[in-house]
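S.K.: This is target-v8.cif, which holds mmCIF, C-alpha atoms:
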```cif
data_upload
#
loop_
_atom_site.label_atom_id
_atom_site.label_comp_id
_atom_site.auth_asym_id
_atom_site.auth_seq_id
_atom_site.Cartn_x
_atom_site.Cartn_y
_atom_site.Cartn_z
CA MET F 1 44.15 50.20 -17.97
CA SER F 2 45.13 50.91 -14.38
CA ALA F 3 43.06 49.20 -11.71
CA LEU F 4 42.84 48.77 -7.95
CA LEU F 5 41.55 45.59 -6.32
CA LEU F 6 40.34 45.80 -2.74
CA ARG F 7 39.34 42.36 -1.48
CA PRO F 8 38.39 41.96 2.17
CA THR F 9 39.07 38.61 3.83
CA LYS F 10 35.40 37.63 3.91
CA ALA F 11 34.37 39.01 0.53
CA ARG F 12 31.13 37.58 -0.87
CA TRP F 13 30.88 39.69 -4.04
CA LEU F 14 33.15 41.60 -6.38
CA LEU F 15 31.91 44.93 -7.75
CA VAL F 16 33.61 46.12 -10.94
CA LEU F 17 33.44 49.84 -10.20
CA ALA F 18 33.81 52.63 -12.77
CA HIS F 19 34.45 56.28 -11.93
CA GLY F 20 32.42 59.33 -12.97
CA ALA F 21 33.17 61.71 -15.82
CA GLY F 22 35.15 64.30 -13.89
CA ALA F 23 37.50 62.25 -11.73
CA GLY F 24 39.35 58.94 -11.76
CA MET F 25 39.37 55.83 -9.61
CA SER F 26 41.44 57.49 -6.87
CA HIS F 27 38.98 60.30 -6.18
CA PRO F 28 38.23 60.50 -2.43
CA PHE F 29 34.60 59.47 -3.00
CA MET F 30 35.69 56.34 -4.85
CA GLU F 31 38.25 55.45 -2.19
CA LYS F 32 35.82 55.95 0.69
CA LEU F 33 33.11 54.03 -1.12
CA ALA F 34 35.47 51.11 -1.75
CA ASP F 35 36.44 51.06 1.93
CA GLU F 36 32.79 51.04 3.03
CA LEU F 37 31.92 48.28 0.60
CA ALA F 38 34.85 46.22 1.87
CA SER F 39 33.51 46.57 5.41
CA VAL F 40 30.28 44.82 4.36
CA GLY F 41 31.93 42.03 2.37
CA VAL F 42 31.90 43.55 -1.12
CA ALA F 43 35.27 43.58 -2.87
CA THR F 44 35.87 46.24 -5.51
CA PHE F 45 37.83 46.38 -8.75
CA ARG F 46 38.23 50.07 -9.59
CA TYR F 47 39.62 50.99 -13.00
CA GLN F 48 40.32 53.98 -15.23
CA PHE F 49 38.85 54.93 -18.57
CA PRO F 50 41.52 55.79 -21.19
CA TYR F 51 40.93 59.56 -21.15
CA ILE F 52 41.67 59.73 -17.42
CA GLU F 53 44.66 57.45 -17.86
CA GLU F 54 45.98 59.83 -20.53
CA GLN F 55 45.14 62.91 -18.43
CA ARG F 56 42.57 64.23 -20.89
CA ARG F 57 39.48 66.11 -19.74
CA VAL F 58 37.02 65.04 -22.41
CA PRO F 59 35.60 61.53 -22.00
CA ASP F 60 36.27 58.93 -24.67
CA ALA F 61 33.71 58.03 -27.31
CA PRO F 62 30.91 55.77 -26.00
CA ALA F 63 32.27 52.79 -27.95
CA VAL F 64 35.62 53.14 -26.19
CA LEU F 65 33.97 53.53 -22.80
CA THR F 66 31.78 50.45 -23.18
CA ALA F 67 34.70 48.39 -24.50
CA THR F 68 36.68 49.44 -21.43
CA VAL F 69 33.84 48.27 -19.19
CA ALA F 70 33.83 44.85 -20.85
CA GLY F 71 37.61 44.65 -20.55
CA ALA F 72 37.47 45.59 -16.88
CA VAL F 73 34.96 42.81 -16.19
CA ARG F 74 37.30 40.28 -17.81
CA ALA F 75 40.28 41.63 -15.87
CA ALA F 76 38.36 41.55 -12.59
CA THR F 77 37.42 37.92 -13.14
CA GLU F 78 41.09 37.07 -13.56
CA ALA F 79 42.16 39.19 -10.58
CA ALA F 80 39.66 37.69 -8.14
CA PRO F 81 38.43 34.34 -9.45
CA GLY F 82 35.64 32.65 -7.57
CA LEU F 83 33.71 35.74 -6.49
CA PRO F 84 30.29 36.41 -8.04
CA LEU F 85 30.33 39.65 -10.02
CA LEU F 86 28.45 42.92 -9.89
CA ALA F 87 29.28 45.87 -12.14
CA GLY F 88 28.46 49.55 -12.13
CA GLY F 89 29.84 52.88 -11.13
CA LYS F 90 29.47 56.50 -10.21
CA SER F 91 27.39 58.61 -12.59
CA MET F 92 28.81 58.20 -16.13
CA GLY F 93 30.64 55.05 -15.07
CA GLY F 94 27.36 53.42 -14.12
CA ARG F 95 25.64 54.58 -17.27
CA MET F 96 28.43 53.23 -19.49
CA THR F 97 28.27 49.93 -17.63
CA SER F 98 24.58 49.63 -18.40
CA GLU F 99 25.21 50.64 -22.03
CA ALA F 100 27.78 47.84 -22.27
CA ALA F 101 25.39 45.34 -20.67
CA ALA F 102 22.61 46.38 -23.05
CA GLN F 103 24.85 45.73 -26.07
CA HIS F 104 26.27 42.38 -24.95
CA PRO F 105 25.79 40.49 -21.66
CA LEU F 106 28.80 41.08 -19.42
CA ASP F 107 30.32 37.67 -18.68
CA GLY F 108 29.47 36.51 -15.18
CA VAL F 109 27.89 39.79 -14.04
CA ARG F 110 24.75 39.12 -12.02
CA GLY F 111 23.61 42.68 -11.33
CA LEU F 112 24.33 46.36 -12.02
CA VAL F 113 24.77 49.08 -9.39
CA PHE F 114 24.34 52.79 -10.18
CA PHE F 115 25.68 55.38 -7.74
CA GLY F 116 23.78 58.37 -9.06
CA PHE F 117 22.51 57.35 -12.51
CA PRO F 118 22.81 60.43 -14.78
CA LEU F 119 19.35 60.32 -16.32
CA HIS F 120 19.75 63.71 -17.99
CA PRO F 121 22.10 66.73 -18.10
CA PRO F 122 21.94 69.06 -15.06
CA HIS F 123 18.59 70.84 -14.79
CA ARG F 124 17.52 69.54 -18.22
CA PRO F 125 14.98 66.81 -17.43
CA GLY F 126 14.55 64.01 -19.93
CA THR F 127 14.65 60.22 -20.22
CA LYS F 128 16.50 59.54 -23.50
CA ARG F 129 19.48 58.19 -21.57
CA ALA F 130 17.28 55.47 -20.07
CA GLY F 131 16.12 53.87 -23.31
CA HIS F 132 18.86 51.23 -23.38
CA LEU F 133 17.97 50.00 -19.89
CA LEU F 134 15.08 48.02 -21.36
CA LYS F 135 17.68 45.81 -23.05
CA VAL F 136 19.45 44.99 -19.78
CA THR F 137 18.34 41.55 -18.62
CA ILE F 138 19.87 41.41 -15.12
CA PRO F 139 18.85 43.14 -11.85
CA MET F 140 19.71 46.83 -11.42
CA LEU F 141 20.10 48.90 -8.25
CA PHE F 142 19.65 52.66 -8.51
CA LEU F 143 21.04 54.67 -5.60
CA GLN F 144 19.83 58.25 -5.97
CA GLY F 145 19.71 61.45 -3.92
CA THR F 146 16.60 63.59 -3.73
CA ARG F 147 18.69 66.67 -4.64
CA ASP F 148 20.39 65.08 -7.65
CA THR F 149 20.14 67.59 -10.52
CA LEU F 150 21.03 64.85 -13.03
CA ALA F 151 18.11 62.62 -12.13
CA ASP F 152 14.69 64.11 -11.47
CA LEU F 153 12.99 61.48 -9.33
CA LYS F 154 9.66 62.36 -10.95
CA LEU F 155 11.17 60.90 -14.12
CA LEU F 156 13.36 58.20 -12.63
CA ARG F 157 10.58 56.56 -10.62
CA PRO F 158 8.51 55.77 -13.76
CA VAL F 159 11.66 54.54 -15.54
CA SER F 160 12.34 52.19 -12.65
CA ALA F 161 8.73 51.03 -12.58
CA LYS F 162 8.83 50.28 -16.32
CA LEU F 163 11.82 48.00 -15.75
CA GLY F 164 9.70 45.95 -13.36
CA SER F 165 11.27 43.48 -10.97
CA ARG F 166 14.71 43.99 -12.54
CA ALA F 167 14.99 47.47 -10.98
CA THR F 168 15.35 48.55 -7.35
CA LEU F 169 15.37 52.27 -6.53
CA HIS F 170 16.87 53.33 -3.21
CA VAL F 171 16.47 57.04 -2.44
CA ILE F 172 18.85 58.98 -0.18
CA GLU F 173 17.02 61.93 1.37
CA LYS F 174 18.62 65.37 0.86
CA ALA F 175 21.64 63.96 -0.99
CA ASP F 176 22.93 65.55 -4.20
CA HIS F 177 24.61 63.88 -7.19
CA SER F 178 27.82 63.48 -5.17
CA PHE F 179 25.84 62.11 -2.20
CA HIS F 180 26.62 65.20 -0.16
CA VAL F 181 23.82 65.96 2.30
CA LEU F 182 22.68 69.23 3.82
CA LYS F 183 23.19 69.84 7.53
CA SER F 184 19.41 69.78 7.89
CA ALA F 185 19.53 66.09 6.97
CA GLY F 186 20.80 65.37 10.47
CA ARG F 187 23.49 63.03 9.20
CA SER F 188 26.97 63.18 7.73
CA ASP F 189 28.31 62.32 4.29
CA ASP F 190 30.18 59.40 5.87
CA GLU F 191 26.89 58.02 7.18
CA VAL F 192 25.46 58.27 3.68
CA LEU F 193 28.41 56.25 2.34
CA GLU F 194 27.67 53.62 4.97
CA GLU F 195 24.06 53.48 3.79
CA LEU F 196 25.15 53.11 0.16
CA ALA F 197 27.44 50.19 1.01
CA GLU F 198 24.93 48.47 3.26
CA THR F 199 22.22 48.82 0.63
CA VAL F 200 24.43 47.22 -2.02
CA ALA F 201 25.29 44.32 0.32
CA SER F 202 21.65 43.78 1.28
CA TRP F 203 20.48 43.90 -2.34
CA ALA F 204 23.19 41.45 -3.39
CA ALA F 205 22.25 39.12 -0.54
CA GLY F 206 18.69 39.19 -1.81
CA MET F 207 19.85 37.99 -5.21
CA GLU F 208 21.66 35.08 -3.55
CA GLU F 209 18.36 33.93 -2.11
CA THR F 210 16.51 33.88 -5.42
#
```
Re-express the file's structure as structure tokens.
M.R.:
Amino acid sequence: MSALLLRPTKARWLLVLAHGAGAGMSHPFMEKLADELASVGVATFRYQFPYIEEQRRVPDAPAVLTATVAGAVRAATEAAPGLPLLAGGKSMGGRMTSEAAAQHPLDGVRGLVFFGFPLHPPHRPGTKRAGHLLKVTIPMLFLQGTRDTLADLKLLRPVSAKLGSRATLHVIEKADHSFHVLKSAGRSDDEVLEELAETVASWAAGMEET
């Protein structure tokens, strides 16, 4: 796989970060997110799923995706030894990370981070995609926009509650699945990225204290 390691001088965590279904690790959102995370002491290890690497449009089979997640975690450990690990990703990348963690604990990973968990297909509310989360034994951070058509908050809130203390849900007002906000939000997309990064850093710091 191809991968990009961004490790700031004072990194305290390493986030193994998977991309979404429609774009690879070099998508502008992924690059900006990695930069913001670096500014708050979170290193990132971005990587590609095989179908993106091979310039195919259709995502790989779930077994291939979850195996890639596990491989990326191992590679990240070798690339930046000594940093405590988080894992997750944007949309499908986050979901496949949780699927992998539900099947087998990811070595050294202390928490999962979801940037827009795709709870259901667009405008087709349901919770089947959340069933495996009950098998995840480590803390999970859900970062979700109120305008996300892939995650009705009326459904995601009960899912989060069912997971108990393992789950933290952080809601971004007026943000969509790509974390784009309306002008009426009174803030920019860049400010939303800052909030995402700061929330991850704060949540991770909270785990250090427990």
S.K.: Would you kindly translate the PyMOL selection byres ((chain F and resi 119) around 6) into the concrete residues it picks from this file, as JSON, numbers by chain?
M.R.: {"F": [117, 118, 120, 129, 150, 151]}
S.K.: Name the residues captured by the PyMOL selection byres ((chain F and resi 77) around 12) when it is applied to the shown file; answer as a list in words.
M.R.: Leu5, Trp13, Leu14, Leu15, Val16, Ala43, Thr44, Phe45, Ala70, Gly71, Ala72, Val73, Arg74, Ala75, Ala76, Glu78, Ala79, Ala80, Pro81, Gly82, Leu83, Pro84, Leu85, Leu86, Ala87, Leu106, Asp107, Gly108 and Val109 of chain F
S.K.: To test your reading of the syntax: which residues would the PyMOL selection byres ((chain F and resi 177-184) around 10) return for the file shown? Reply as number ranges by chain.
M.R.: F: 20, 29, 90-91, 115-118, 122, 143-151, 172-176, 185-193, 196
S.K.: Within 10 Å of (18.5, 46.9, -3.2) (coordinates as in the file), grab all the protein and nucleic acid residues, counting only C-alpha atoms, and write them out as number ranges by chain.
M.R.: F: 113, 139-143, 167-170, 196, 198-207
S.K.: Which residue gives the smallest distance to Gly22 (chain F) among F:Arg56, F:Arg124, F:His104, F:Lys162, with all atoms listed in the file counted?
M.R.: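 Answer, going by the shortest atom-to-atom distance: F:Arg56.
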S.K.: Report as number ranges by chain all protein, DNA and RNA residues lying within 8 Å of Arg46 (chain F), evaluated on all atoms listed in the file, omitting residues in the same chain fewer than 5 positions from it.
M.R.: F: 3-5, 16-19, 25
S.K.: For CA of Pro105 (chain F) and CA of Thr68 (chain F), determine how far apart the two atoms are, in Å to one decimal place.
M.R.: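 If I compute the distance from CA of Pro105 (chain F) to CA of Thr68 (chain F), I get 14.1 Å.
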S.K.: Just how far from CA of Val64 (chain F) is CA of Ala38 (chain F), in Å to one decimal?
M.R.: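 CA of Val64 (chain F) lies at a distance of 28.9 Å from CA of Ala38 (chain F).
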S.K.: Can you tell me which residues surround Asp60 (chain F) at a distance of at most 10 Å, considering only C-alpha atoms, apart from same-chain residues fewer than 5 positions away, and format the answer as a list of chain:residue names?
M.R.: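 The neighbour list is F:Ala21, F:Phe49, F:Pro50, F:Tyr51, F:Ile52, F:Leu65, F:Thr66.
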S.K.: Could you please determine the separation between CA of Gly111 (chain F) and CA of Ser165 (chain F) in Å, to one decimal place?
M.R.: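 Going from CA of Gly111 (chain F) over to CA of Ser165 (chain F), I get 12.4 Å.
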S.K.: Please list as a list of chain:residue names every residue within 12 Å of Gln103 (chain F), counting all atoms listed in the file and excluding residues in the same chain fewer than 5 positions away.
M.R.: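 The filter keeps F:Pro62, F:Ala63, F:Thr66, F:Ala67, F:Val69, F:Ala70, F:Met96, F:Thr97, F:Ser98, F:His132, F:Leu133, F:Leu134, F:Lys135, F:Val136, F:Thr137.
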S.K.: Restricting it to C-alpha atoms, dump the selection as a CSV table (one decimal), in the coordinates of the input.
M.R.:
```csv
chain,number,residue,atom,x,y,z
F,62,PRO,CA,30.9,55.8,-26.0
F,63,ALA,CA,32.3,52.8,-28.0
F,66,THR,CA,31.8,50.4,-23.2
F,67,ALA,CA,34.7,48.4,-24.5
F,69,VAL,CA,33.8,48.3,-19.2
F,70,ALA,CA,33.8,44.8,-20.8
F,96,MET,CA,28.4,53.2,-19.5
F,97,THR,CA,28.3,49.9,-17.6
F,98,SER,CA,24.6,49.6,-18.4
F,132,HIS,CA,18.9,51.2,-23.4
F,133,LEU,CA,18.0,50.0,-19.9
F,134,LEU,CA,15.1,48.0,-21.4
F,135,LYS,CA,17.7,45.8,-23.0
F,136,VAL,CA,19.4,45.0,-19.8
F,137,THR,CA,18.3,41.6,-18.6
```
S.K.: Please complete region 142-171 of chain F with N, CA and C atoms and give it back as a tab-separated table (two decimals), in the frame of the given file.
M.R.:
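And here's rebuild18.tsv as it stands now:
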```
chain	number	residue	atom	x	y	z
F	142	PHE	N	19.45	51.23	-8.35
F	142	PHE	CA	19.65	52.66	-8.51
F	142	PHE	C	19.74	53.30	-7.13
F	143	LEU	N	20.86	53.96	-6.85
F	143	LEU	CA	21.04	54.67	-5.60
F	143	LEU	C	21.05	56.16	-5.94
F	144	GLN	N	20.01	56.88	-5.51
F	144	GLN	CA	19.83	58.25	-5.97
F	144	GLN	C	19.48	59.20	-4.82
F	145	GLY	N	20.03	60.42	-4.89
F	145	GLY	CA	19.71	61.45	-3.92
F	145	GLY	C	18.52	62.28	-4.35
F	146	THR	N	17.78	62.79	-3.40
F	146	THR	CA	16.60	63.59	-3.73
F	146	THR	C	16.97	64.96	-4.31
F	147	ARG	N	18.23	65.38	-4.12
F	147	ARG	CA	18.69	66.67	-4.64
F	147	ARG	C	19.60	66.51	-5.86
F	148	ASP	N	19.55	65.36	-6.49
F	148	ASP	CA	20.39	65.08	-7.65
F	148	ASP	C	19.85	65.82	-8.87
F	149	THR	N	20.59	66.79	-9.38
F	149	THR	CA	20.14	67.59	-10.52
F	149	THR	C	20.29	66.85	-11.85
F	150	LEU	N	20.89	65.65	-11.82
F	150	LEU	CA	21.03	64.85	-13.03
F	150	LEU	C	20.02	63.71	-13.09
F	151	ALA	N	19.12	63.69	-12.13
F	151	ALA	CA	18.11	62.62	-12.13
F	151	ALA	C	16.87	63.08	-11.36
F	152	ASP	N	15.96	63.70	-12.07
F	152	ASP	CA	14.69	64.11	-11.47
F	152	ASP	C	13.92	62.85	-11.07
F	153	LEU	N	13.66	62.70	-9.79
F	153	LEU	CA	12.99	61.48	-9.33
F	153	LEU	C	11.58	61.33	-9.91
F	154	LYS	N	10.97	62.44	-10.31
F	154	LYS	CA	9.66	62.36	-10.95
F	154	LYS	C	9.74	61.63	-12.29
F	155	LEU	N	10.94	61.63	-12.87
F	155	LEU	CA	11.17	60.90	-14.12
F	155	LEU	C	11.78	59.53	-13.87
F	156	LEU	N	12.67	59.46	-12.89
F	156	LEU	CA	13.36	58.20	-12.63
F	156	LEU	C	12.43	57.14	-12.04
F	157	ARG	N	11.51	57.55	-11.21
F	157	ARG	CA	10.58	56.56	-10.62
F	157	ARG	C	9.80	55.81	-11.70
F	158	PRO	N	9.20	56.50	-12.69
F	158	PRO	CA	8.51	55.77	-13.76
F	158	PRO	C	9.44	54.89	-14.60
F	159	VAL	N	10.69	55.36	-14.81
F	159	VAL	CA	11.66	54.54	-15.54
F	159	VAL	C	11.91	53.24	-14.78
F	160	SER	N	12.11	53.36	-13.49
F	160	SER	CA	12.34	52.19	-12.65
F	160	SER	C	11.14	51.26	-12.68
F	161	ALA	N	9.95	51.84	-12.58
F	161	ALA	CA	8.73	51.03	-12.58
F	161	ALA	C	8.57	50.27	-13.90
F	162	LYS	N	8.95	50.91	-15.00
F	162	LYS	CA	8.83	50.28	-16.32
F	162	LYS	C	9.76	49.07	-16.44
F	163	LEU	N	10.86	49.11	-15.71
F	163	LEU	CA	11.82	48.00	-15.75
F	163	LEU	C	11.34	46.81	-14.91
F	164	GLY	N	10.30	47.03	-14.13
F	164	GLY	CA	9.70	45.95	-13.36
F	164	GLY	C	10.59	45.41	-12.26
F	165	SER	N	10.54	44.11	-12.07
F	165	SER	CA	11.27	43.48	-10.97
F	165	SER	C	12.78	43.54	-11.13
F	166	ARG	N	13.25	43.89	-12.33
F	166	ARG	CA	14.71	43.99	-12.54
F	166	ARG	C	15.29	45.21	-11.82
F	167	ALA	N	14.48	46.22	-11.53
F	167	ALA	CA	14.99	47.47	-10.98
F	167	ALA	C	14.61	47.66	-9.52
F	168	THR	N	15.58	48.14	-8.74
F	168	THR	CA	15.35	48.55	-7.35
F	168	THR	C	15.85	49.98	-7.22
F	169	LEU	N	15.00	50.86	-6.72
F	169	LEU	CA	15.37	52.27	-6.53
F	169	LEU	C	15.46	52.56	-5.05
F	170	HIS	N	16.65	52.97	-4.61
F	170	HIS	CA	16.87	53.33	-3.21
F	170	HIS	C	17.19	54.82	-3.16
F	171	VAL	N	16.36	55.58	-2.47
F	171	VAL	CA	16.47	57.04	-2.44
F	171	VAL	C	17.16	57.50	-1.15
```
